[in-house]
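*Asks:* Structure provided below as structure tokens; questions to follow.
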Amino acid sequence: MKRRSFLQSAGVLATPLATHAAASQSVSRKPNVLLCISDDQSWNHAGAYGSKMVKTPAFDRIAREGVLFRRNFTSNPTCSPSRSSLLTGQVFYRLEEGAQNWGTLPLKNKVYPDLLEAAGYHVGFTGKASGPVDWQASGWKRSPCGPEYNGKRLKPPNDGIVTFDYAGNFREFLSKRKPGQPFCFWYGGIEPHRAYTPGCGLKAGKKLSEAELPPWLPDNDDVRSDMLDYAFEIEWFDNQLGKMIQILEAAGELDNTLILVTADNGMPFPRSKGQLYDSGARVPLAVRWGSRVKGGRVVEDFISFPDYAPTILEATGLSKTQEMTGRSFLNVLQSAASGQIDPTRDHVITGRERYYPELLPFPCRALRTSDYLYIRNYRPDRCVAGVPPGYHDGEFGPAAGKHLLAERGQGAGRYRWEITFGMRPAEELYDLAKDPDQMHNVASDKAYAAMLENLGKQMEAELVATGDPRAMGRGDVFDSYPARMWDSKAHRMLPHPQ
């Protein structure tokens, strides 16, 4: 998808805004909320997680002065369902058409920015909001993230990065609030979403030897350079985050602001974005809240996107709605401990339905524990990556995709191709102690038969208890929802001609 079309479909093109007086520097009695979400970043690609490929001083500071979460998972590893799940506090499959990428979000779903605004908060967003989603189709008068602040622009370092001045728009947003009014702001970076300016990572001084490639990707200069371009865009997102932190410090609001930094899904490479493996569903999370959260801690509790809204609401003195399936992790944040804090947070469930309108849906669900990843593929007769030569489910990227397809008939290359683009069985099971990269499915191994059955029953029971139509024999309802695409002539999202 072309960059401009993506921005339009995400609902992020705006008209310039007027400049107003500086925001009040008084500290609000209620805490502010700053939710920062990058676009397509896998969990381990930040300095705080040990990555040497990327330099993320702002994220690392949030982690150092707050809490670094090692087991944070999106509900659905595709853009709009993951963001809708975060906003509503619900698992994605409860959101009807909102469970699909390129869909809409039914108006009946309450979102935390609206709840905070009703409680007196000043709300808004910059960059990418809840898209790509056609929220107008359901009757929303504005984005579920709040009023848009995208009027400030800058000259980016290359054509792969958008012109939004995220930090400048945050400053503009603050200038609009009343003195002492608490705020809730959504920073939706469009980086590191593709497309990239080829070679921008090398041009910035990165070295091919620094690229961190997972074992399922071909190891050559083309793929390494592409990975460095991805790393360069993560650093741009982090640079803008650093500027927002400086703005908060200058306003005397930093320690009164609950800051959460995450990503919507994993990196846009094969077997990552759109997939239920860790590279696609496991995303970064660091949280800072001044003296109210003891810093320097690393937490192993499992956190999922539906947990964000209840946490934010509890932190601001509000209660979660009856529809929210997520659980607040404020108790984890305010603990003084590291490691596993809440013993009930021992797993997460993820899943997906339709990804691209051009492809048949590949519905699947996964249960992730500390020891195993269990996946159930409901339509093993379909190919997750589409029909050749399409192979674009997961935005595999020009370099990695080209080499995977070229090497598919040779030894290790054939195996990489099979586990990326090949047909998948009804069940997958990965023993994380032996296979942390989740490349060897042991579901057919008799030694794992009892574990396979137990995990399958556990997941099924939770899916039924939380109202998943797919688990209750009504999965065809997801196929009935219309796919939508951006229509450049109509300048809006319209049903996709299928």
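Ordering of the structure tokens sets the chain letters (A, B, ...); residue numbers start at 1 within each chain; ligands are numbered from 1 in the order shown.
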I need the residues of range 137-310 of chain A that end up classed as helix (DSSP H, G or I) by DSSP on the backbone, written out as number ranges by chain.

*Replies:* A: 137-138, 166-175, 200-203, 208-210, 221-250, 254-256, 278-281, 290-292, 305-310

*Asks:* Leaving out Asp381 in chain A and any residue of its chain fewer than 5 positions from it, which residues lie within 12 Å of it when counting only C-alpha atoms, given as number ranges by chain?

*Replies:* A: 360-363, 386, 422-426

*Asks:* If you count only C-alpha atoms, which residues fall within 10 Å of Glu233 in chain A, apart from same-chain ones fewer than 6 positions away, as a VMD selection string?

*Replies:* chain A and resid 38 to 39 41 54 160 to 161 189 to 194 196 to 197 200 to 201 239

*Asks:* For the residues selected in the previous step, produce a file with N, CA and C atoms as a PDB file, in the first residue's frame.

*Replies:*
ATOM      1  N   SER A  38       3.701   2.835  18.861  1.00  0.00           N
ATOM      2  CA  SER A  38       4.349   2.789  17.553  1.00  0.00           C
ATOM      3  C   SER A  38       3.601   1.817  16.647  1.00  0.00           C
ATOM      4  N   ASP A  39       3.929   1.835  15.383  1.00  0.00           N
ATOM      5  CA  ASP A  39       3.197   1.055  14.387  1.00  0.00           C
ATOM      6  C   ASP A  39       4.107  -0.028  13.800  1.00  0.00           C
ATOM      7  N   GLN A  41       6.148  -2.772  15.650  1.00  0.00           N
ATOM      8  CA  GLN A  41       7.428  -2.925  16.354  1.00  0.00           C
ATOM      9  C   GLN A  41       7.373  -4.152  17.264  1.00  0.00           C
ATOM     10  N   VAL A  54      19.028  -0.923  17.790  1.00  0.00           N
ATOM     11  CA  VAL A  54      18.295   0.329  17.882  1.00  0.00           C
ATOM     12  C   VAL A  54      18.742   1.116  19.107  1.00  0.00           C
ATOM     13  N   GLY A 160      10.345   8.088   3.722  1.00  0.00           N
ATOM     14  CA  GLY A 160       9.672   7.002   4.397  1.00  0.00           C
ATOM     15  C   GLY A 160       9.010   7.397   5.697  1.00  0.00           C
ATOM     16  N   ILE A 161       9.355   8.558   6.206  1.00  0.00           N
ATOM     17  CA  ILE A 161       8.820   9.050   7.471  1.00  0.00           C
ATOM     18  C   ILE A 161       7.830  10.174   7.193  1.00  0.00           C
ATOM     19  N   GLY A 189       2.423   6.977  16.648  1.00  0.00           N
ATOM     20  CA  GLY A 189       3.457   7.079  15.628  1.00  0.00           C
ATOM     21  C   GLY A 189       3.134   6.197  14.429  1.00  0.00           C
ATOM     22  N   ILE A 190       3.395   6.683  13.243  1.00  0.00           N
ATOM     23  CA  ILE A 190       3.169   5.898  12.031  1.00  0.00           C
ATOM     24  C   ILE A 190       4.436   5.116  11.676  1.00  0.00           C
ATOM     25  N   GLU A 191       5.494   5.359  12.373  1.00  0.00           N
ATOM     26  CA  GLU A 191       6.730   4.604  12.230  1.00  0.00           C
ATOM     27  C   GLU A 191       6.773   3.491  13.279  1.00  0.00           C
ATOM     28  N   PRO A 192       7.368   2.335  12.963  1.00  0.00           N
ATOM     29  CA  PRO A 192       8.130   1.971  11.750  1.00  0.00           C
ATOM     30  C   PRO A 192       7.316   1.230  10.690  1.00  0.00           C
ATOM     31  N   HIS A 193       6.083   1.636  10.432  1.00  0.00           N
ATOM     32  CA  HIS A 193       5.287   1.023   9.361  1.00  0.00           C
ATOM     33  C   HIS A 193       5.970   1.234   8.009  1.00  0.00           C
ATOM     34  N   ARG A 194       5.877   0.251   7.143  1.00  0.00           N
ATOM     35  CA  ARG A 194       6.397   0.433   5.793  1.00  0.00           C
ATOM     36  C   ARG A 194       5.559   1.442   5.017  1.00  0.00           C
ATOM     37  N   TYR A 196       9.738   1.921   3.692  1.00  0.00           N
ATOM     38  CA  TYR A 196      10.952   2.576   4.143  1.00  0.00           C
ATOM     39  C   TYR A 196      11.700   3.179   2.960  1.00  0.00           C
ATOM     40  N   THR A 197      12.521   4.177   3.252  1.00  0.00           N
ATOM     41  CA  THR A 197      13.461   4.666   2.258  1.00  0.00           C
ATOM     42  C   THR A 197      14.639   3.704   2.247  1.00  0.00           C
ATOM     43  N   CYS A 200      18.217   3.826   4.362  1.00  0.00           N
ATOM     44  CA  CYS A 200      18.263   4.947   5.305  1.00  0.00           C
ATOM     45  C   CYS A 200      18.998   4.560   6.590  1.00  0.00           C
ATOM     46  N   GLY A 201      18.931   3.301   6.979  1.00  0.00           N
ATOM     47  CA  GLY A 201      19.653   2.870   8.167  1.00  0.00           C
ATOM     48  C   GLY A 201      21.149   2.948   7.973  1.00  0.00           C
ATOM     49  N   ASN A 239      12.585   9.352  19.159  1.00  0.00           N
ATOM     50  CA  ASN A 239      13.041  10.752  19.203  1.00  0.00           C
ATOM     51  C   ASN A 239      11.883  11.683  19.527  1.00  0.00           C
TER      52      ASN A 239
END

*Asks:* Quick one: residues within 7 Å of Ser279 in chain A, only C-alpha atoms, excluding same-chain residues fewer than 2 positions away - as a list in words?

*Replies:*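 The contact residues come out as Ser42, Gly266, Ser272, Tyr277, Ala281 and Arg282 of chain A.
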
*Asks:* Give me the residues near Val384 in chain A as a ChimeraX atom specification, where near means some atom within 12 Å (using only C-alpha atoms) and where sequence neighbours in that chain fewer than 5 positions away do not count.

*Replies:* /A:270-271,274-276,352-356,359-364,377-379,390-394,418-425

*Asks:* Could you list, with a cut-off of 12 Å and counting only C-alpha atoms, the residues of range 78-103 of chain A near range 316-320 of chain A, each shown with its nearest atom pair and the distance in Å rounded to one decimal, rows sorted by chain and ascending number, as a Markdown table?

*Replies:*
| residue | atom | partner | partner_atom | distance |
| --- | --- | --- | --- | --- |
| A:Leu87 | CA | A:Lys320 | CA | 11.7 |
| A:Thr88 | CA | A:Lys320 | CA | 9.7 |
| A:Gly89 | CA | A:Lys320 | CA | 8.3 |
| A:Gln90 | CA | A:Lys320 | CA | 10.7 |

*Asks:* Write to file, as a PDB file, in the first residue's frame, the residues of the selection just made, with C-alpha atoms.

*Replies:*
ATOM      1  CA  LEU A  87      -9.349   1.506  23.466  1.00  0.00           C
ATOM      2  CA  THR A  88     -12.371  -0.560  24.514  1.00  0.00           C
ATOM      3  CA  GLY A  89     -10.749  -2.846  27.107  1.00  0.00           C
ATOM      4  CA  GLN A  90     -12.228  -5.861  25.315  1.00  0.00           C
TER       5      GLN A  90
END

*Asks:* Which residue is closest to His440 in chain A? Choose from A:Glu96, A:Asp238, A:Glu358, A:Glu428 and count only C-alpha atoms.

*Replies:*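 That would be A:Glu428, the residue with the smallest distance to His440 in chain A.
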
*Asks:* Determine, for each residue of range 236-261 of chain A having at least one atom at most 10 Å from an atom of range 292-307 of chain A, the closest pair of atoms and their separation in Å to one decimal, counting only C-alpha atoms; order by chain and ascending number, as JSON lines.

*Replies:*
{"residue": "A:Asp255", "atom": "CA", "partner": "A:Arg292", "partner_atom": "CA", "distance": 8.5}
{"residue": "A:Asn256", "atom": "CA", "partner": "A:Arg292", "partner_atom": "CA", "distance": 8.9}
{"residue": "A:Leu258", "atom": "CA", "partner": "A:Arg292", "partner_atom": "CA", "distance": 9.2}

*Asks:* Put those residues in a file: C-alpha atoms, as a compact mmCIF listing (two decimals), in the first residue's frame.

*Replies:*
# COMPACT_ATOMS: atom_id res chain seq x y z
CA ASP A 255 5.66 13.09 37.44
CA ASN A 256 1.89 13.60 37.36
CA LEU A 258 0.96 8.12 33.58

*Asks:* Might you pull out every residue within 7 Å of range 242-248 of chain A, with only C-alpha atoms counted and same-chain residues fewer than 5 positions away left off, and present them as a list of chain:residue names?

*Replies:*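 The neighbour list is A:Ala58, A:Ala167, A:Glu253, A:Leu254.
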
*Asks:* With C-alpha atoms kept, could you save the residues just selected as a short mmCIF file (atom, residue, chain, number, x, y, z; two decimals), in the first residue's frame?

*Replies:*
data_model
loop_
_atom_site.label_atom_id
_atom_site.label_comp_id
_atom_site.auth_asym_id
_atom_site.auth_seq_id
_atom_site.Cartn_x
_atom_site.Cartn_y
_atom_site.Cartn_z
CA ALA A 58 13.40 7.80 25.59
CA ALA A 167 5.87 16.63 19.54
CA GLU A 253 3.75 17.70 34.57
CA LEU A 254 6.08 14.74 34.05
#

*Asks:* With distances taken over only C-alpha atoms, which of A:Glu462, A:Val332, A:Ser51, A:Gly205 is nearest to Val348 in chain A?

*Replies:* A:Glu462

*Asks:* Which residue gives the smallest distance to Lys203 in chain A among A:Asp371, A:Glu323, A:Asp445, A:Asp229, with only C-alpha atoms counted?

*Replies:*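 For Lys203 in chain A, the nearest of the given residues is A:Asp229.
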
*Asks:* In Å, rounded to a single decimal, give me how far CA of Tyr149 in chain A is from CA of Leu105 in chain A.

*Replies:*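 That distance, rounded to one decimal, is 21.2 Å.
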
*Asks:* Just how far from CA of Asp346 in chain A is CA of Gly473 in chain A, in Å to one decimal?

*Replies:* 27.2 Å

*Asks:* Among the residues of range 161-352 of chain A, find those DSSP assigns to strand (DSSP E or B) from the backbone and print them as a PyMOL selection string.

*Replies:* chain A and resi 164+183-188+257-263+282+285-288+297-304+339+347-352

*Asks:* Report the distance between CA of Gln410 in chain A and CA of Ser225 in chain A in Å, rounded to one decimal place.

*Replies:*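 Computing it gives 23.1 Å between the two atoms.
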
*Asks:* From the options A:Ser444, A:Asn101, A:Ser138, A:Ser130, which residue's atoms come nearest to Leu86 in chain A, counting only C-alpha atoms?

*Replies:*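 Counting only C-alpha atoms, the residue closest to Leu86 in chain A is A:Ser130.
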
*Asks:* A:Pro182, A:Pro268, A:Gly467, A:Gly151: which is nearest Gly397 in chain A, counting only C-alpha atoms?

*Replies:*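 Of A:Pro182, A:Pro268, A:Gly467, A:Gly151, the one nearest Gly397 in chain A, counting only C-alpha atoms, is A:Pro268.
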
*Asks:* Per residue of range 127-158 of chain A within 8 Å of range 109-114 of chain A, note the shortest atom pair and the distance in Å to one decimal, counting only C-alpha atoms, and order the rows by chain and increasing residue number, as JSON lines.

*Replies:*
{"residue": "A:Pro144", "atom": "CA", "partner": "A:Val111", "partner_atom": "CA", "distance": 6.6}
{"residue": "A:Cys145", "atom": "CA", "partner": "A:Pro113", "partner_atom": "CA", "distance": 6.0}
{"residue": "A:Gly146", "atom": "CA", "partner": "A:Pro113", "partner_atom": "CA", "distance": 6.5}
